[in-house]
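Structure, as structure tokens:
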Amino acid sequence: MRITRRDFVSLSASAAALVAGLPRSLGAALPRNAAAPTLAEFGYGDVSVTSALHRAQLENTHDVLMNLDEDSLLKPFRQMAGQPAPGADLGGWYNYDPDYDWHKDDAGFAPGATFGQWVSALARYHAITGSQATRDKVLRLNRLYGATIGGGFYDKNRFPTYCYDKLVLGLIDSHTLAADTDAFALLERTTRAAVPHLPVAAVDRELPWRPGKDQSYRWDESYTLPENLFLAYQRGAGRRYRDLAVRYLDDATWFDPLARGENVLAGKHAYSYVNSLSSAMQAYLTLGSSKHLRAASNAFGMLAAQSYATGGWGPDEKLVAPGAETLDASLTATHNSFETPCGAYAHFKLTRYLLRVTGDSRYGDSMERVMYNTVLGARPLSADGRAFYYSDYNVSGRKVYSNHRFPCCSGTLPQVAADYGINAWLRDARGVYVNLYLPSIVRWVRDGARCSLEQSGDYPFADTTSIRVGTSRPTQFVVRLRIPEWAAGARIEVNGERWSGAVEPGRFAAIRRAWHDGDRIDLELPRRLRLEPLDSRHPQVMALMSGPLVLFPIDGAGERAPPQRAELLLARQVAPRRWEAQVGPAPLTFLPFVAIDEEPYSTYLTLG
Ligand SMILES: [Zn+2]
């Protein structure tokens, strides 16, 4: 990530200017005082993702969730409510065990913690596919859950705000995306049961707030609550959710200093504090509070400065101090970097909100980098709860399942998979933004005409993406294409003719015309190989990049003689997902993250 912090500090001013130009149709549904974003999201049902890699993740997670036993899913809720709890334990973190000891036990760390995220993901799948069986499962799970609601769940739980936050999301998505007409009533009962057992305001991690509890009770994430509470308010659940959201904004120790440009990231728990930046964005979008936009955009710049070339961050789940040796040390000291599904989920939401507010395409660049180099290459979720957790940036890295079954990342992977479509395409009153290049179709209606754009191609394993326009009659709109910052020499053709408008790396190219059915856009993004240093203190520690892709050397690259810069830059793409360089006497093979299976790999190489 070579986006400087200064670039992002300057964004808040331009965001305010962009908001002023928003067409009334997009702002109409927003509550008073809200800051209307520049870009809007499509509905889940407006986009169909056809990319095989993305679809495989969607189908895998959907299958696993649809087949989870419902008694097992409800078991911790029933046990903690003192009700009969038939059926097998689901296992791993999901179990309830009153005698759980975090020093030695795996099963029982976070009982019921992922339930709300799974209901949310199922509601999103229903909205994407229209599947009645999926909606039925959502409605059934919500009713079964409703029979268990009570304070005992929160009183006995190590993570009362974490669980409440996820339940809020499951219920508001059930309301909006699966038309569960009882969802807001269940949300009201959930909130009444939960609030007496939550801290009165945001509590920073590691601070004790409940007497008589061990250290593991200090890892709750109350500072992430406002995002979904603001969304509950925006979707009509009532004013109390706005007020609750405001109560949990972590201003004093986190958003206030970030808004002033103070880097207070060092030592913070990585995923949850990055996730809390989405709460700052929803505070801005709901209340018009520019301080929270400044906090989020400043923090994003600080995060970018401490990210790996993959776009991931957080060695050993910690954010690091600027200029520290921590990143370099992590390449040999740990195998536990970037909490991949959770971190990607937080990163995608944050960059989507920032992109919507600022219109700055570089947030899309960041999203793309994280997508292709981290979560899209995650091992699939397995029915017995094995889940991909950490990306491994060690010089002898491996792609492995977590030791824990049904961890936090088993809750976020299904949500990441459901959101690929709404992250890829965005819109404003003038037209459509192509934010992520992946085979998919978006459909909408404009001036009574049915319009669609369909992407195809093998990007980023090839240079080109094609977009076919569909319209029921000729229609004027703007198609904006994200030109990544690395894409010098990018070019666009419309119906086979070179398009003469501005194509600038780091911006959207805006093609405005009356489109006809069958029109075709071809985008070429030349993926020249380049080397990116780990950080400015380690200019010899380099990742080889092709476009947004990190190329990971495999087969014991770390044990060979150090490569020369020129040797790496002469690497050739020998197959769609395989590169080779000649390093000294022997060839060295590189794979993108999505193509790595059992091979040991490195992320960085130290140049000779
Ligand atoms: Zn996780």
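Naming scheme: A, B, ... for chains in displayed order of the structure tokens; residues 1 onward per chain; ligands 1 onward as shown.
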
Per residue of range 450-544 of chain A within 8 Å of range 413-431 of chain A, which atom pair is closest and at what distance in Å (one decimal), using only C-alpha atoms, listed by chain and increasing number, as a tab-separated table?
residue	atom	partner	partner_atom	distance
A:Phe477	CA	A:Gly431	CA	5.0
A:Val478	CA	A:Gly431	CA	4.6
A:Val479	CA	A:Gly431	CA	5.9
A:Arg480	CA	A:Gly431	CA	7.8

Output N, CA and C atoms for every residue in the selection just made, as a short mmCIF file (atom, residue, chain, number, x, y, z; two decimals), in the first residue's frame.
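result_35.cif, written as the output of this step:
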data_model
loop_
_atom_site.label_atom_id
_atom_site.label_comp_id
_atom_site.auth_asym_id
_atom_site.auth_seq_id
_atom_site.Cartn_x
_atom_site.Cartn_y
_atom_site.Cartn_z
N PHE A 477 -26.24 7.44 -19.88
CA PHE A 477 -25.72 7.39 -18.50
C PHE A 477 -24.20 7.34 -18.56
N VAL A 478 -23.60 7.48 -17.38
CA VAL A 478 -22.14 7.50 -17.27
C VAL A 478 -21.67 6.17 -16.71
N VAL A 479 -20.69 5.56 -17.35
CA VAL A 479 -20.02 4.39 -16.79
C VAL A 479 -18.64 4.84 -16.32
N ARG A 480 -18.38 4.69 -15.03
CA ARG A 480 -17.07 5.08 -14.48
C ARG A 480 -16.25 3.84 -14.20
#

Sorted by chain and rising residue number, list the residues of range 334-410 of chain A at most 8 Å from range 495-519 of chain A (counting only C-alpha atoms), each with its closest atom pair and distance in Å to one decimal, as a Markdown table.
| residue | atom | partner | partner_atom | distance |
| --- | --- | --- | --- | --- |
| A:Asp360 | CA | A:Arg507 | CA | 6.9 |
| A:Ser361 | CA | A:Arg507 | CA | 5.4 |
| A:Arg362 | CA | A:Gly506 | CA | 5.8 |

* To do: For Arg572 in chain A, work out the shell of residues within 12 Å, counting only C-alpha atoms and skipping chain neighbours fewer than 5 positions away, then give it as a list in words.
  =>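 With the cut-off at 12 Å, the set is Arg527, Arg528, Leu529, Leu544, Ser546, Leu551, Glu567, Arg577, Arg578, Trp579, Glu580, Ala581, Gln582, Pro587, Leu588, Thr589, Phe590 and Leu591 of chain A.
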
Return as an mmCIF file with N, CA and C atoms, in the first residue's frame the full set of residues in range 183-390 of chain A whose backbone-based DSSP assignment is strand (DSSP E).
data_model
loop_
_atom_site.group_PDB
_atom_site.id
_atom_site.type_symbol
_atom_site.label_atom_id
_atom_site.label_comp_id
_atom_site.auth_asym_id
_atom_site.auth_seq_id
_atom_site.Cartn_x
_atom_site.Cartn_y
_atom_site.Cartn_z
ATOM 1 N N SER A 337 -0.576 -13.455 10.944
ATOM 2 C CA SER A 337 -0.841 -12.075 10.543
ATOM 3 C C SER A 337 -2.253 -11.988 9.979
ATOM 4 N N PHE A 338 -2.695 -10.816 9.715
ATOM 5 C CA PHE A 338 -4.012 -10.487 9.158
ATOM 6 C C PHE A 338 -5.084 -11.559 9.419
ATOM 7 N N GLU A 339 -5.973 -11.255 10.344
ATOM 8 C CA GLU A 339 -7.136 -12.132 10.623
ATOM 9 C C GLU A 339 -8.029 -12.053 9.395
ATOM 10 N N ARG A 386 -14.030 -26.102 10.670
ATOM 11 C CA ARG A 386 -12.667 -25.666 10.357
ATOM 12 C C ARG A 386 -12.750 -24.431 9.471
ATOM 13 N N ALA A 387 -11.944 -23.439 9.794
ATOM 14 C CA ALA A 387 -12.053 -22.143 9.121
ATOM 15 C C ALA A 387 -10.668 -21.549 8.937
ATOM 16 N N PHE A 388 -10.530 -20.789 7.869
ATOM 17 C CA PHE A 388 -9.294 -20.057 7.634
ATOM 18 C C PHE A 388 -9.299 -18.831 8.539
ATOM 19 N N TYR A 390 -5.765 -16.874 9.970
ATOM 20 C CA TYR A 390 -4.656 -15.945 9.752
ATOM 21 C C TYR A 390 -4.038 -16.115 8.375
#

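Rounded to one decimal, CA of Ala107 in chain A and CA of Phe77 in chain A lie 15.4 Å from each other.
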
Contacts between ligand 1 and chain A, please, where a residue of chain A counts if it comes within 7 Å (with only C-alpha atoms and all ligand atoms); show its shortest atom pair and distance in Å to one decimal, rows by chain and ascending number, as a Markdown table.
| residue | atom | partner | partner_atom_place_in_ligand_line | distance |
| --- | --- | --- | --- | --- |
| A:Glu339 | CA | ligand 1 | 1 (Zn) | 5.4 |
| A:Thr340 | CA | ligand 1 | 1 (Zn) | 6.9 |
| A:Pro341 | CA | ligand 1 | 1 (Zn) | 6.1 |
| A:Cys342 | CA | ligand 1 | 1 (Zn) | 4.3 |
| A:Tyr389 | CA | ligand 1 | 1 (Zn) | 5.9 |
| A:Pro407 | CA | ligand 1 | 1 (Zn) | 6.3 |
| A:Cys408 | CA | ligand 1 | 1 (Zn) | 4.0 |
| A:Cys409 | CA | ligand 1 | 1 (Zn) | 3.4 |
| A:Thr412 | CA | ligand 1 | 1 (Zn) | 7.0 |

* List every residue of range 223-339 of chain A that DSSP, applied to the backbone, labels as alpha helix (DSSP H), and write the result as a PyMOL selection string. => chain A and resi 226-234+239-247+256-259+270-287+290-305+326-333

Output the selection as a PDB file, in the first residue's frame - C-alpha atoms for each residue.
ATOM      1  CA  PRO A 226     -22.444   1.978  16.741  1.00  0.00           C
ATOM      2  CA  GLU A 227     -22.210   0.855  13.092  1.00  0.00           C
ATOM      3  CA  ASN A 228     -25.045  -1.645  13.236  1.00  0.00           C
ATOM      4  CA  LEU A 229     -27.065   0.473  15.696  1.00  0.00           C
ATOM      5  CA  PHE A 230     -26.918   3.413  13.278  1.00  0.00           C
ATOM      6  CA  LEU A 231     -27.962   1.058  10.477  1.00  0.00           C
ATOM      7  CA  ALA A 232     -30.880  -0.159  12.632  1.00  0.00           C
ATOM      8  CA  TYR A 233     -31.977   3.468  13.053  1.00  0.00           C
ATOM      9  CA  GLN A 234     -31.552   4.200   9.324  1.00  0.00           C
ATOM     10  CA  ARG A 239     -34.715   6.547  17.553  1.00  0.00           C
ATOM     11  CA  ARG A 240     -33.420   4.536  20.536  1.00  0.00           C
ATOM     12  CA  TYR A 241     -30.898   2.820  18.224  1.00  0.00           C
ATOM     13  CA  ARG A 242     -29.465   6.168  17.163  1.00  0.00           C
ATOM     14  CA  ASP A 243     -29.161   7.204  20.813  1.00  0.00           C
ATOM     15  CA  LEU A 244     -27.567   3.880  21.783  1.00  0.00           C
ATOM     16  CA  ALA A 245     -25.131   4.200  18.882  1.00  0.00           C
ATOM     17  CA  VAL A 246     -24.024   7.638  20.036  1.00  0.00           C
ATOM     18  CA  ARG A 247     -23.470   6.292  23.540  1.00  0.00           C
ATOM     19  CA  ASP A 256     -10.949  12.275  18.866  1.00  0.00           C
ATOM     20  CA  PRO A 257      -7.163  11.793  18.618  1.00  0.00           C
ATOM     21  CA  LEU A 258      -7.542  10.159  15.182  1.00  0.00           C
ATOM     22  CA  ALA A 259      -9.592  13.138  13.983  1.00  0.00           C
ATOM     23  CA  ALA A 270      -6.195  -5.034  14.837  1.00  0.00           C
ATOM     24  CA  TYR A 271      -9.506  -6.360  13.511  1.00  0.00           C
ATOM     25  CA  SER A 272     -11.836  -4.882  16.092  1.00  0.00           C
ATOM     26  CA  TYR A 273     -10.352  -1.386  16.035  1.00  0.00           C
ATOM     27  CA  VAL A 274     -10.331  -1.291  12.242  1.00  0.00           C
ATOM     28  CA  ASN A 275     -13.915  -2.557  12.357  1.00  0.00           C
ATOM     29  CA  SER A 276     -14.789   0.300  14.727  1.00  0.00           C
ATOM     30  CA  LEU A 277     -13.827   2.760  11.960  1.00  0.00           C
ATOM     31  CA  SER A 278     -17.018   1.676  10.199  1.00  0.00           C
ATOM     32  CA  SER A 279     -18.841   2.960  13.283  1.00  0.00           C
ATOM     33  CA  ALA A 280     -17.131   6.319  12.740  1.00  0.00           C
ATOM     34  CA  MET A 281     -18.285   6.280   9.100  1.00  0.00           C
ATOM     35  CA  GLN A 282     -21.871   5.489  10.086  1.00  0.00           C
ATOM     36  CA  ALA A 283     -21.715   8.305  12.669  1.00  0.00           C
ATOM     37  CA  TYR A 284     -20.755  10.620   9.810  1.00  0.00           C
ATOM     38  CA  LEU A 285     -23.416   9.218   7.484  1.00  0.00           C
ATOM     39  CA  THR A 286     -26.141   9.354  10.152  1.00  0.00           C
ATOM     40  CA  LEU A 287     -25.299  12.477  12.145  1.00  0.00           C
ATOM     41  CA  SER A 290     -17.355  15.454  10.126  1.00  0.00           C
ATOM     42  CA  LYS A 291     -15.060  14.652  13.075  1.00  0.00           C
ATOM     43  CA  HIS A 292     -15.880  10.976  12.608  1.00  0.00           C
ATOM     44  CA  LEU A 293     -15.182  11.120   8.879  1.00  0.00           C
ATOM     45  CA  ARG A 294     -11.807  12.718   9.641  1.00  0.00           C
ATOM     46  CA  ALA A 295     -11.105  10.005  12.234  1.00  0.00           C
ATOM     47  CA  ALA A 296     -11.858   7.204   9.768  1.00  0.00           C
ATOM     48  CA  SER A 297      -9.991   8.689   6.803  1.00  0.00           C
ATOM     49  CA  ASN A 298      -6.950   9.594   8.918  1.00  0.00           C
ATOM     50  CA  ALA A 299      -6.907   6.130  10.476  1.00  0.00           C
ATOM     51  CA  PHE A 300      -7.165   4.527   7.047  1.00  0.00           C
ATOM     52  CA  GLY A 301      -4.071   6.428   5.936  1.00  0.00           C
ATOM     53  CA  MET A 302      -2.187   5.301   9.049  1.00  0.00           C
ATOM     54  CA  LEU A 303      -3.315   1.731   8.412  1.00  0.00           C
ATOM     55  CA  ALA A 304      -2.213   1.872   4.779  1.00  0.00           C
ATOM     56  CA  ALA A 305       1.244   2.964   5.939  1.00  0.00           C
ATOM     57  CA  THR A 326       7.392  -4.905  14.065  1.00  0.00           C
ATOM     58  CA  LEU A 327       6.522  -5.678  10.440  1.00  0.00           C
ATOM     59  CA  ASP A 328      10.036  -6.840   9.594  1.00  0.00           C
ATOM     60  CA  ALA A 329      10.214  -8.924  12.761  1.00  0.00           C
ATOM     61  CA  SER A 330       6.851 -10.489  11.947  1.00  0.00           C
ATOM     62  CA  LEU A 331       8.294 -12.112   8.801  1.00  0.00           C
ATOM     63  CA  THR A 332      10.263 -14.506  11.006  1.00  0.00           C
ATOM     64  CA  ALA A 333       8.593 -14.232  14.438  1.00  0.00           C
TER      65      ALA A 333
END

* To do: Identify, on the basis of only C-alpha atoms, every residue whose closest approach to Leu198 in chain A does not exceed 8 Å; exclude the query and any residue fewer than 5 positions from it along the same chain; express the result as a list in words.
  =>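 Close residues of Leu198 in chain A: Tyr154, Pro160 and Thr161 of chain A.
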
Quick one: contact table of range 374-409 of chain A to range 81-96 of chain A, 9 Å max, nearest atom pair and distance in Å to one decimal per residue, counting only C-alpha atoms, chain and number order, as a Markdown table?
| residue | atom | partner | partner_atom | distance |
| --- | --- | --- | --- | --- |
| A:Asp384 | CA | A:Gly91 | CA | 7.8 |
| A:Gly385 | CA | A:Gly92 | CA | 7.3 |
| A:His404 | CA | A:Gly92 | CA | 6.1 |
| A:Arg405 | CA | A:Gly92 | CA | 4.3 |
| A:Phe406 | CA | A:Gly92 | CA | 5.5 |
| A:Pro407 | CA | A:Trp93 | CA | 5.6 |
| A:Cys408 | CA | A:Trp93 | CA | 8.2 |

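Among A:Ile128, A:Val168, A:Arg78, A:Trp102, the residue with the shortest atom-to-atom distance to Ile441 in chain A, counting only C-alpha atoms, is A:Ile128.
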
* To do: Could you give me, as a list in words, the residues within 7 Å of Tyr459 in chain A, counting only C-alpha atoms and dropping anything in the same chain fewer than 5 positions from it?
  => Tyr437, Thr464 and Thr465 of chain A

* Asked: Which residues, written as a list in words, have at least one atom at most 10 Å from Gly584 in chain A, with only C-alpha atoms counted and residues fewer than 4 positions away on the same chain left out?
  ->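 Once the nearby chain positions are removed, what remains is Arg560, Ala561, Pro562, Pro563, Gln564, Glu567 and Leu588 of chain A.
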
* Structure fact -> Using only C-alpha atoms, the residue out of A:Phe461, A:Trp209, A:Phe255, A:Phe552 with shortest distance to Ser602 in chain A is A:Phe552

* Asked: Counting only C-alpha atoms, which of A:Val445, A:Gly146, A:Ala123, A:Ala133 gets nearest to His175 in chain A?
  -> A:Ala123
